[in-house]
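Step one of this worksheet: look at the structure below.
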Amino acid sequence: MVHSSVLGFPRMGKLRDLKKATEAYWADKLSKDELLAEGKRLRLEHWKIQKDAGVDIIPSNDFAYYDQVLDHIQMFNAIPERYSKHGLSTLDEYFAMGRGHQKDGIDVPSLEMVKWFDSNYHYVKPTLQDNQTFKLSDDPKPVRHFLEAKEAGIITRPVLLGPVSFLHLGKADRGQNVDPISLLDKLLPIYEQLLKELKKAGAETVQIDEPVLVFDLPTKIRNAFKPAYEKLTALQGSEGPQLVLATYFGDIVHNFDVIDSALKGTHALHVDLVRNPEQLDKVIEHLGEKQILSVGVVDGRNIWKNNLKKSIEVVESAVQKLGKDRVIVATSSSLLHTPHTLESEQKLDSDVKDWFAFATEKVREVAIIAKAVTEGPASVKSELEANAKSLEARATSKRTNNPEVKKRQEAVTKEMHERQSEFPTRYDQQKQHLKLPLFPTTTIGSFPQTKDIRISRNKFTKGEITADEYEKFIEKEIRDVIAVQDELELDVYVHGEPERNDMVQYFGERMDGYVFTTHAWVQSYGSRCVRPPIVVGDISRPAPMTVKESKYAASVSKKPMKGMLTGPITCLRWSFPRDDVHQSVQAQQLALALRDEVVDLEAAGIYVIQVDEPALREGLPLRAGAEREKYLSWAVDSFKLSTAGVKDSTQIHSHFCYSEFQDFFHAIAALDADVLSIENSKSDAKLLKVFIDEAYPRHIGPGVYDIHSPRVPSEQEIKDRIEEMLQYLKPDQLWINPDCGLKTRGWKETKAALGNMVAAAQYFRSKHEQK
């Protein structure tokens with residue numbers, strides 16, 4: 001028979017239960033035992049959901065209190081000494097690596113956190129030493145969770161991140177020179193030990209993820225697979241479990257020689273047929289004689305209902321060549337990237353709601369497809385009929401098509417993508433207009449979203465206060481934020497965004513073509529969850545979205561006020577996009593809507609406008625080549641279309657989270673933004689060398705401290721960061737700002753950190769002005 005499997009399930013729970021529990025623990029409102037008990041309750045609940053849906057192969061060790069890669073870091077004792085030397089409890093040491101720790105005389109920043117491939121999930125980067133050793137923890141989490149499920153009567157398939165991916169996704173610690181992959185021989189015995197313990201606990205199969213196989217890999221990484229998997233597959237049978245090698249987010253055709261030489265010995269191979277369906281036939285050709293194929297046909301990254309008929313046809317084509325016993329129906333990837341359940345959505349229009357499937361519904365889809373192929377379509381006739389009806393309703397709905405939007409897109413010209421003048425001319429006008437000092441200071445946009453803000457927004461949403469009452473509350477919050485910036489002596493102000501719930505959701509709610517959920521939360525990092533809006537049709541802006549608040553803020557400010565917008569690529573990437581229209585079409589529609597907003601802000605007296613594109617890097621195709629250049633072309637055009645309608649004297653900023661952009665720097669430069677701000681505080685300042693190498697002519701604000709942690713950097717620490725930056729950037733090129741927005745921070749730490757930042761900037765300003 002054809003079995004069904006899930007590669008991973010969301011962790012947060014139906015009502016963000018894990019988020020609430022971990023944040024309560026951090027606030028000393030929940031004990032360690034209570035937090036651990038809540039984690040166990042959620043795991044059992046999630047395993048039961050999958051079992052009740054009829055899934056045959058259920059994952060374990062997909063649960064994490066912060067991040068699955070961080071779990072491996074701690075489990076392998078790959079813990080930098082700055083965390084291990086303080087005698088923290090195992091749990092507090094774990095959270096210190098994830099979010100920093102500044103308490104009881106201990107002051108350590110978090111480890112670097114970067115995007116998981118091209119998703120909006122963030123993983124903690126393994127950070128390795130020249131003298132690195134590894135040791136398996138005394139009570140390995142994968143074994144513990146397997147036994148926990150087994151005790152509940154559910155036999156699971158434990159999930160591990162593979163050794164090559166673990167090392168390739170890591171880095172040398174600051175001041176260290178180790179090449180992570182050189183540590184493979186030290187790490188493999190730990191994997192062998194772990195696999196033996198899992199086998200002893202009763203695990204017959206283990207899912208071992210090697211997602212880096214979708215990359216263009218350096219030779220040394222490609223060469224690492226053969227010795228690694230010769231050792232690990234040799235354990236299969238009496239000593240170790242059968243290995244299911246999982247890849248996702250791309251195709252593996254370009255790495256077939258690696259598969260052939262190293263991985264045919266695994267029990268099964270999983271491939272993502274949602275992202276790259278065309279790889280199926282070639283993958284089958286390269287399978288080992290008895291190797292099983294897990295076909296990822298249910299989308300683990302989006303929320304659209306599966307086309308069951310089409311998926312069944314794909315699975316049947318595999319069955320025809322391999323037989324039913326050698327095919328597993330699966331999700332394309334972990335369902336970590338999807339919301340928990342559609343059942344929680346009571347306010348969605350029923351016609352639109354019928355188009356969606358969240359994690360719980362996707363689990364059922366996997367089971368239905370497997371049953372249809374095993375027992376025949378008649379066994380799931382009612383499910384197939386309902387599915388076909390839903391797909392037809394969506395395809396013919398008037399909500400998906402807007403002729404006026406299409407007409408406007410057809411009228412877009414090449415000239416609409418270009419500013420009036422080149423940067424030197426623009427900058428001369430901006431200097432006269434804005435009168436900014438050397439080393440200008442600013443923030444990235446948001447200030448703390450306090451409990452009072454959330455309560456007032458909730459009351460307004462429920463109709464418990466009037467629009468006028470809510471507007472007065474927002475205006476007071478804006479005045480308070482401006483007063484803080486006056487006190488801190490920042491140079492370019494922001495209004496703080498108290499009226500905004502999320503940097504994409506806020507804009508989506510004000511554009512046609514989107515729909516919104518109430519409980520469709522997805523983990524972004526740690527306890528941080530987002531509720532992505534859903535693009536269901538052609539996008540347009542019926543009215544101004546931010547002008548009223550920005551104009552009010554400018555009227556009560558004595559410094560230049562910066563308007564804050566989310567760029568078209570980020571609006572697209574941090575939403576659930578349509579799957580029936582190319583993303584370039586959706587991006588251009590967003591760009592036209594934002595272009596109108598930019599022009600309206602300028603007309604309202606806002607002469608510094610930031611259009612954030614933190615997701616530009618995230619959207620980059622994982623492999624170099626024509627596909628990547630096509631993406632960059634339409635992504636850059638979308639940004640330029642949104643920003644090019646203003647005068648030279650108006651300064652356009654853009655912000656980028658995560659500064660791993662060396663491989664597409666030409667596109668960053670092509671955006672033609674006057675000022676870039678980038679994440680930099682946890683990255684080596686040598687990354688800024690690319691700005692010298694490429695003779696970047698415009699202005700840059702590398703983040704001087706990490707906002708993902710509550711830790712407050714000292715003034716000297718920030719001075720040291722600026723001194724490093726000046727090795728690569730000119731003084732008149734450098735802006736001083738945090739890494740990102742301050743929405744998730746508290747006011748006490750925010751004021752302290754910004755105060756130190758401004759003092760450091762003023763020190764360098766004075767120093768260089770004296771020259």
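Note on naming: chains are A, B, ... as they come in the structure tokens, residues start from 1 per chain, ligands start from 1 in the order shown.
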Skipping near chain neighbours, those fewer than 5 positions away, what residues fall within 10 Å of Ser311 in chain A using only C-alpha atoms, listed as number ranges by chain? A: 273-274, 295-298, 306, 316-317, 329, 365-366, 369-370, 373
Sorted per-residue table, range 501-587 of chain A near range 443-447 of chain A, closest atoms and distance, 9 Å, only C-alpha atoms, as JSON lines:
```
{"residue": "A:Lys562", "atom": "CA", "partner": "A:Gly445", "partner_atom": "CA", "distance": 8.1}
{"residue": "A:Gly563", "atom": "CA", "partner": "A:Gly445", "partner_atom": "CA", "distance": 8.5}
{"residue": "A:Met564", "atom": "CA", "partner": "A:Gly445", "partner_atom": "CA", "distance": 6.5}
```
Could you save those same residues with N, CA, C and O atoms as a PDB file, in the first residue's frame?
```pdb
ATOM      1  N   LYS A 562      10.093  60.658   8.856  1.00  0.00           N
ATOM      2  CA  LYS A 562      10.258  59.620   7.854  1.00  0.00           C
ATOM      3  C   LYS A 562       8.964  58.836   7.688  1.00  0.00           C
ATOM      4  O   LYS A 562       8.441  58.270   8.652  1.00  0.00           O
ATOM      5  N   GLY A 563       8.438  58.816   6.474  1.00  0.00           N
ATOM      6  CA  GLY A 563       7.289  57.977   6.187  1.00  0.00           C
ATOM      7  C   GLY A 563       7.728  56.532   6.036  1.00  0.00           C
ATOM      8  O   GLY A 563       8.788  56.254   5.487  1.00  0.00           O
ATOM      9  N   MET A 564       6.892  55.613   6.494  1.00  0.00           N
ATOM     10  CA  MET A 564       7.280  54.209   6.549  1.00  0.00           C
ATOM     11  C   MET A 564       6.319  53.346   5.740  1.00  0.00           C
ATOM     12  O   MET A 564       5.122  53.302   6.022  1.00  0.00           O
TER      13      MET A 564
END
```
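In this comparison, which uses only C-alpha atoms, the residue of A:Val599, A:Leu622, A:Lys548, A:Leu263 approaching Asp251 in chain A most closely is A:Leu622.
Counting only C-alpha atoms and comparing A:Gln727, A:Gln409, A:Thr360, A:Asn401, the residue that lies closest to Val581 in chain A is A:Asn401.
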Using only C-alpha atoms, which residues sit within 12 Å of Val504 in chain A once same-chain residues fewer than 4 positions away are excluded, as a ChimeraX atom specification? /A:500,508-511,514,516,530-535,564-576,590,611-615
Serialized selection, N, CA, C and O atoms, as a tab-separated table (two decimals), in the first residue's frame:
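Result saved to selection08.tsv:
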```tsv
chain	number	residue	atom	x	y	z
A	500	ARG	N	-0.26	50.35	13.67
A	500	ARG	CA	-0.02	49.22	12.78
A	500	ARG	C	0.10	47.92	13.56
A	500	ARG	O	0.81	47.84	14.55
A	508	GLY	N	-1.96	45.35	3.71
A	508	GLY	CA	-2.88	44.46	3.04
A	508	GLY	C	-4.33	44.77	3.39
A	508	GLY	O	-5.22	44.68	2.54
A	509	GLU	N	-4.56	45.15	4.64
A	509	GLU	CA	-5.91	45.47	5.08
A	509	GLU	C	-6.47	46.71	4.38
A	509	GLU	O	-7.68	46.93	4.38
A	510	ARG	N	-5.59	47.50	3.80
A	510	ARG	CA	-6.00	48.74	3.14
A	510	ARG	C	-5.93	48.64	1.62
A	510	ARG	O	-6.02	49.65	0.93
A	511	MET	N	-5.72	47.44	1.13
A	511	MET	CA	-5.70	47.22	-0.32
A	511	MET	C	-6.74	46.18	-0.72
A	511	MET	O	-6.99	45.23	0.02
A	514	TYR	N	-6.80	41.40	-1.04
A	514	TYR	CA	-6.34	40.64	0.12
A	514	TYR	C	-7.52	40.15	0.95
A	514	TYR	O	-8.59	40.79	0.98
A	516	PHE	N	-8.02	38.42	5.18
A	516	PHE	CA	-7.30	38.34	6.46
A	516	PHE	C	-7.91	37.33	7.38
A	516	PHE	O	-9.10	37.05	7.32
A	530	VAL	N	3.68	35.62	13.16
A	530	VAL	CA	3.07	36.57	12.24
A	530	VAL	C	1.80	35.95	11.68
A	530	VAL	O	1.64	34.72	11.68
A	531	ARG	N	0.92	36.81	11.22
A	531	ARG	CA	-0.34	36.35	10.65
A	531	ARG	C	-0.40	36.86	9.21
A	531	ARG	O	-0.97	37.92	8.94
A	532	PRO	N	0.21	36.13	8.28
A	532	PRO	CA	0.33	36.65	6.91
A	532	PRO	C	-1.04	36.85	6.26
A	532	PRO	O	-1.90	35.97	6.33
A	533	PRO	N	-1.23	38.01	5.61
A	533	PRO	CA	-2.43	38.17	4.82
A	533	PRO	C	-2.38	37.26	3.60
A	533	PRO	O	-1.33	36.72	3.26
A	534	ILE	N	-3.50	37.09	2.95
A	534	ILE	CA	-3.60	36.18	1.82
A	534	ILE	C	-4.03	36.94	0.58
A	534	ILE	O	-5.04	37.64	0.59
A	535	VAL	N	-3.24	36.83	-0.48
A	535	VAL	CA	-3.58	37.47	-1.75
A	535	VAL	C	-4.54	36.54	-2.50
A	535	VAL	O	-4.17	35.43	-2.88
A	564	MET	N	6.89	55.61	6.49
A	564	MET	CA	7.28	54.21	6.55
A	564	MET	C	6.32	53.35	5.74
A	564	MET	O	5.12	53.30	6.02
A	565	LEU	N	6.86	52.66	4.73
A	565	LEU	CA	6.06	51.76	3.91
A	565	LEU	C	6.77	50.41	3.80
A	565	LEU	O	7.99	50.34	3.90
A	566	THR	N	6.00	49.38	3.56
A	566	THR	CA	6.56	48.06	3.27
A	566	THR	C	6.58	47.86	1.77
A	566	THR	O	5.57	48.09	1.09
A	567	GLY	N	7.73	47.46	1.23
A	567	GLY	CA	7.92	47.37	-0.21
A	567	GLY	C	7.13	46.25	-0.86
A	567	GLY	O	6.61	45.34	-0.20
A	568	PRO	N	7.03	46.31	-2.18
A	568	PRO	CA	6.19	45.34	-2.90
A	568	PRO	C	6.64	43.89	-2.76
A	568	PRO	O	5.80	42.98	-2.64
A	569	ILE	N	7.96	43.64	-2.77
A	569	ILE	CA	8.42	42.25	-2.66
A	569	ILE	C	8.16	41.71	-1.26
A	569	ILE	O	7.75	40.56	-1.09
A	570	THR	N	8.35	42.54	-0.25
A	570	THR	CA	8.09	42.09	1.12
A	570	THR	C	6.60	41.90	1.36
A	570	THR	O	6.19	40.93	2.01
A	571	CYS	N	5.77	42.80	0.82
A	571	CYS	CA	4.32	42.60	0.92
A	571	CYS	C	3.92	41.27	0.29
A	571	CYS	O	3.02	40.58	0.78
A	572	LEU	N	4.59	40.92	-0.79
A	572	LEU	CA	4.27	39.67	-1.48
A	572	LEU	C	4.83	38.47	-0.73
A	572	LEU	O	4.11	37.50	-0.45
A	573	ARG	N	6.11	38.52	-0.37
A	573	ARG	CA	6.77	37.37	0.25
A	573	ARG	C	6.23	37.07	1.64
A	573	ARG	O	6.21	35.92	2.07
A	574	TRP	N	5.81	38.10	2.37
A	574	TRP	CA	5.32	37.89	3.73
A	574	TRP	C	3.81	37.78	3.78
A	574	TRP	O	3.20	37.86	4.85
A	575	SER	N	3.22	37.61	2.61
A	575	SER	CA	1.83	37.19	2.50
A	575	SER	C	1.84	35.75	2.01
A	575	SER	O	2.88	35.20	1.64
A	576	PHE	N	0.68	35.15	1.99
A	576	PHE	CA	0.53	33.92	1.23
A	576	PHE	C	0.09	34.35	-0.17
A	576	PHE	O	-1.04	34.83	-0.35
A	590	LEU	N	1.33	45.48	-6.58
A	590	LEU	CA	1.68	46.08	-5.29
A	590	LEU	C	2.50	47.35	-5.48
A	590	LEU	O	2.30	48.35	-4.78
A	611	VAL	N	11.00	52.68	2.18
A	611	VAL	CA	10.24	51.56	1.61
A	611	VAL	C	11.03	50.29	1.90
A	611	VAL	O	12.03	50.01	1.25
A	612	ASP	N	10.60	49.57	2.89
A	612	ASP	CA	11.36	48.42	3.40
A	612	ASP	C	11.26	47.22	2.46
A	612	ASP	O	10.16	46.87	2.02
A	613	GLU	N	12.40	46.59	2.21
A	613	GLU	CA	12.41	45.36	1.42
A	613	GLU	C	13.25	44.27	2.09
A	613	GLU	O	14.15	43.70	1.50
A	614	PRO	N	12.96	43.95	3.35
A	614	PRO	CA	13.75	42.90	4.02
A	614	PRO	C	13.62	41.54	3.38
A	614	PRO	O	14.46	40.67	3.57
A	615	ALA	N	12.55	41.32	2.61
A	615	ALA	CA	12.34	40.00	2.01
A	615	ALA	C	12.94	39.87	0.62
A	615	ALA	O	12.78	38.83	-0.01
```
Expected answer as a PyMOL selection string: helix (DSSP H, G or I) residues in range 380-503 of chain A: chain A and resi 380-396+398-400+403-410+414-417+423-434+451-462+467-488
For Thr413 in chain A, the closest of A:Val690, A:Leu641, A:Leu342, A:Ala669 counting only C-alpha atoms is A:Leu641
Near Lys435 in chain A, counting only C-alpha atoms, which residues have an atom at most 12 Å away, once you skip same-chain residues fewer than 5 positions from it, shown as a ChimeraX atom specification? /A:427-430,440,491-492,559-560,607,649,651
Writer output for current selection, N, CA and C atoms, as a CSV table (one decimal), in the first residue's frame:
```
chain,number,residue,atom,x,y,z
A,427,TYR,N,21.3,64.1,-4.1
A,427,TYR,CA,21.9,64.3,-2.8
A,427,TYR,C,22.1,65.8,-2.5
A,428,ASP,N,22.6,66.5,-3.5
A,428,ASP,CA,22.8,67.9,-3.3
A,428,ASP,C,21.5,68.6,-2.9
A,429,GLN,N,20.4,68.2,-3.5
A,429,GLN,CA,19.2,68.8,-3.2
A,429,GLN,C,18.7,68.4,-1.8
A,430,GLN,N,18.9,67.1,-1.5
A,430,GLN,CA,18.5,66.6,-0.2
A,430,GLN,C,19.3,67.2,1.0
A,440,PRO,N,24.2,60.9,10.6
A,440,PRO,CA,22.8,61.1,11.1
A,440,PRO,C,22.2,59.8,11.7
A,491,ASP,N,18.1,62.4,14.7
A,491,ASP,CA,18.1,63.4,13.7
A,491,ASP,C,17.0,63.2,12.7
A,492,VAL,N,16.6,62.0,12.4
A,492,VAL,CA,15.4,61.8,11.5
A,492,VAL,C,14.4,61.0,12.3
A,559,LYS,N,12.0,67.8,13.7
A,559,LYS,CA,13.0,67.2,12.8
A,559,LYS,C,12.3,66.6,11.6
A,560,PRO,N,13.1,66.2,10.6
A,560,PRO,CA,12.4,65.6,9.4
A,560,PRO,C,11.7,64.3,9.9
A,607,TYR,N,9.3,64.2,3.4
A,607,TYR,CA,10.4,64.2,2.4
A,607,TYR,C,11.5,63.2,2.6
A,649,SER,N,14.6,66.1,-4.3
A,649,SER,CA,14.8,66.5,-3.0
A,649,SER,C,14.2,65.6,-1.9
A,651,GLN,N,14.1,62.1,-0.1
A,651,GLN,CA,15.1,61.0,0.1
A,651,GLN,C,14.4,59.7,0.3
```
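Of the listed residues A:Ser119, A:Thr466, A:Gln129, A:Ser524, the one whose atoms come nearest to Phe249 in chain A is A:Ser119, with distances taken using only C-alpha atoms.
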With distances taken over only C-alpha atoms, which residue among A:Gln485, A:Gln523, A:Asn680, A:Gln733 lies nearest Ser557 in chain A? A:Gln485
Determine, counting only C-alpha atoms, which protein, DNA and RNA residues have an atom within 10 Å of an atom of Pro140 in chain A; residues of the same chain fewer than 2 positions away are not included. Present the result as a ChimeraX atom specification. /A:71-72,74-76,136-138,142-145,194,197-198
Let's see if you can do this: from backbone DSSP, list all strand (DSSP E) residues in range 27-190 of chain A, as a compact mmCIF listing (two decimals) with N, CA, C and O atoms, in the first residue's frame.
```txt
# COMPACT_ATOMS: atom_id res chain seq x y z
N ILE A 58 4.19 9.68 11.27
CA ILE A 58 4.06 10.94 12.00
C ILE A 58 5.43 11.35 12.53
O ILE A 58 6.15 10.54 13.11
N PRO A 59 5.82 12.61 12.36
CA PRO A 59 7.15 13.04 12.81
C PRO A 59 7.21 13.33 14.31
O PRO A 59 6.22 13.72 14.92
N SER A 60 8.38 13.13 14.88
CA SER A 60 8.69 13.63 16.22
C SER A 60 10.03 14.35 16.14
O SER A 60 10.74 14.25 15.14
N HIS A 101 21.02 37.08 26.89
CA HIS A 101 20.74 37.00 28.33
C HIS A 101 21.42 38.18 29.01
O HIS A 101 22.63 38.36 28.89
N GLN A 102 20.64 38.98 29.70
CA GLN A 102 21.19 40.12 30.43
C GLN A 102 20.48 40.19 31.78
O GLN A 102 19.51 40.90 31.99
N LYS A 103 21.01 39.40 32.72
CA LYS A 103 20.33 39.23 34.00
C LYS A 103 21.32 38.65 35.01
O LYS A 103 22.18 37.84 34.65
N ILE A 106 25.00 38.50 34.23
CA ILE A 106 25.39 37.81 33.00
C ILE A 106 24.92 38.65 31.81
O ILE A 106 23.76 39.04 31.76
N ASP A 107 25.82 38.91 30.88
CA ASP A 107 25.48 39.77 29.75
C ASP A 107 26.06 39.15 28.48
O ASP A 107 27.25 39.29 28.19
N VAL A 108 25.23 38.42 27.74
CA VAL A 108 25.68 37.82 26.47
C VAL A 108 24.63 38.09 25.39
O VAL A 108 23.44 37.98 25.64
N MET A 113 21.06 34.93 13.78
CA MET A 113 19.84 34.30 13.32
C MET A 113 19.60 34.71 11.87
O MET A 113 19.66 35.90 11.54
N VAL A 114 19.37 33.76 10.99
CA VAL A 114 19.18 34.06 9.57
C VAL A 114 17.99 33.28 9.03
O VAL A 114 17.50 32.35 9.66
N LYS A 115 17.56 33.67 7.82
CA LYS A 115 16.39 33.05 7.22
C LYS A 115 16.68 31.59 6.84
O LYS A 115 17.76 31.26 6.37
N HIS A 122 13.20 31.91 10.72
CA HIS A 122 14.59 32.23 11.05
C HIS A 122 15.18 31.11 11.90
O HIS A 122 14.56 30.68 12.87
N TYR A 123 16.37 30.67 11.55
CA TYR A 123 17.05 29.66 12.36
C TYR A 123 18.30 30.28 13.01
O TYR A 123 18.83 31.27 12.54
N VAL A 124 18.71 29.67 14.10
CA VAL A 124 19.91 30.11 14.81
C VAL A 124 21.11 29.42 14.18
O VAL A 124 21.15 28.19 14.07
N THR A 127 27.53 28.15 15.45
CA THR A 127 28.68 29.06 15.53
C THR A 127 29.83 28.29 16.16
O THR A 127 29.80 27.96 17.34
N LEU A 128 30.84 28.01 15.34
CA LEU A 128 31.82 26.96 15.67
C LEU A 128 33.21 27.51 15.95
O LEU A 128 33.57 28.61 15.48
N THR A 156 6.38 7.17 16.07
CA THR A 156 6.73 8.30 15.21
C THR A 156 8.02 8.03 14.43
O THR A 156 8.74 7.06 14.70
N ARG A 157 8.28 8.92 13.50
CA ARG A 157 9.55 8.92 12.77
C ARG A 157 10.32 10.16 13.21
O ARG A 157 9.99 11.27 12.82
N PRO A 158 11.35 10.02 14.04
CA PRO A 158 12.13 11.18 14.49
C PRO A 158 12.75 11.94 13.32
O PRO A 158 13.14 11.34 12.31
N VAL A 159 12.86 13.24 13.46
CA VAL A 159 13.42 14.12 12.43
C VAL A 159 14.74 14.70 12.94
O VAL A 159 14.80 15.27 14.03
N LEU A 160 15.79 14.57 12.14
CA LEU A 160 17.09 15.16 12.46
C LEU A 160 17.53 16.04 11.30
O LEU A 160 17.25 15.72 10.14
N LEU A 161 18.23 17.11 11.61
CA LEU A 161 18.94 17.86 10.57
C LEU A 161 20.22 17.10 10.29
O LEU A 161 20.98 16.78 11.20
N LYS A 171 28.80 28.57 10.78
CA LYS A 171 29.88 29.50 10.48
C LYS A 171 30.92 29.43 11.59
O LYS A 171 30.67 28.91 12.70
N ALA A 172 32.10 29.96 11.29
CA ALA A 172 33.13 30.12 12.33
C ALA A 172 32.73 31.27 13.24
O ALA A 172 32.20 32.29 12.78
```
Using only C-alpha atoms, pick whichever of A:Lys730, A:Lys381, A:Lys19, A:Arg578 has the shortest atom-to-atom distance to Ile303 in chain A. A:Arg578
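One distance worth recording is that between CA of Met561 in chain A and CA of Ser709 in chain A, which is 26.6 Å.
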If we count only C-alpha atoms, what is near Glu93 in chain A at a cut-off of 12 Å, once residues fewer than 2 positions away on the same chain are taken out, given as an MDAnalysis selection string? chainID A and resid 66 70:71 73:75 77 79:91 95:102 106 108:111
Using only C-alpha atoms, what does the table of range 51-127 of chain A residues within 8 Å of range 164-169 of chain A look like, with each row giving the shortest atom pair and its distance in Å to one decimal, sorted by chain and ascending number, as JSON lines?
```
{"residue": "A:Val69", "atom": "CA", "partner": "A:Phe166", "partner_atom": "CA", "distance": 7.7}
{"residue": "A:Lys125", "atom": "CA", "partner": "A:Leu169", "partner_atom": "CA", "distance": 6.7}
{"residue": "A:Pro126", "atom": "CA", "partner": "A:Leu169", "partner_atom": "CA", "distance": 7.1}
```
Which polymer residues have any atom within 12 Å of an atom of Asp720 in chain A, counting only C-alpha atoms, with same-chain residues fewer than 4 positions away left out, as a PyMOL selection string? chain A and resi 681+685+704-705+713-716+724-727+757+760-761+763-764
For the residues selected in the previous step, produce a file with N, CA and C atoms as a tab-separated table (two decimals), in the first residue's frame.
```tsv
chain	number	residue	atom	x	y	z
A	681	SER	N	24.61	43.88	13.06
A	681	SER	CA	25.20	43.84	14.40
A	681	SER	C	25.77	42.48	14.76
A	685	ALA	N	31.79	42.71	10.37
A	685	ALA	CA	31.80	43.98	9.63
A	685	ALA	C	32.52	43.84	8.29
A	704	VAL	N	23.74	48.92	14.28
A	704	VAL	CA	24.81	48.93	15.29
A	704	VAL	C	24.45	48.09	16.52
A	705	TYR	N	23.18	47.67	16.63
A	705	TYR	CA	22.86	46.73	17.71
A	705	TYR	C	21.64	45.90	17.33
A	713	PRO	N	23.09	47.24	24.57
A	713	PRO	CA	24.53	47.39	24.31
A	713	PRO	C	25.06	48.65	24.97
A	714	SER	N	26.30	48.62	25.38
A	714	SER	CA	26.90	49.81	25.99
A	714	SER	C	27.28	50.81	24.91
A	715	GLU	N	27.53	52.06	25.34
A	715	GLU	CA	27.97	53.09	24.40
A	715	GLU	C	29.30	52.69	23.76
A	716	GLN	N	30.21	52.12	24.54
A	716	GLN	CA	31.50	51.73	24.00
A	716	GLN	C	31.37	50.61	22.98
A	724	GLU	N	34.60	49.88	13.45
A	724	GLU	CA	34.75	48.80	12.46
A	724	GLU	C	34.17	49.21	11.12
A	725	MET	N	33.00	49.82	11.16
A	725	MET	CA	32.32	50.21	9.91
A	725	MET	C	33.13	51.24	9.13
A	726	LEU	N	33.79	52.12	9.85
A	726	LEU	CA	34.56	53.17	9.19
A	726	LEU	C	35.82	52.64	8.50
A	727	GLN	N	36.13	51.38	8.74
A	727	GLN	CA	37.21	50.76	7.98
A	727	GLN	C	36.76	50.46	6.55
A	757	MET	N	23.33	54.65	21.53
A	757	MET	CA	23.58	54.78	20.10
A	757	MET	C	23.79	56.24	19.70
A	760	ALA	N	27.12	57.57	20.96
A	760	ALA	CA	28.22	57.08	20.13
A	760	ALA	C	28.31	57.84	18.82
A	761	ALA	N	27.16	58.09	18.19
A	761	ALA	CA	27.14	58.84	16.93
A	761	ALA	C	27.65	60.26	17.14
A	763	TYR	N	29.70	61.29	19.37
A	763	TYR	CA	31.14	61.22	19.60
A	763	TYR	C	31.89	61.25	18.27
A	764	PHE	N	31.46	60.42	17.32
A	764	PHE	CA	32.14	60.37	16.02
A	764	PHE	C	31.87	61.63	15.21
```
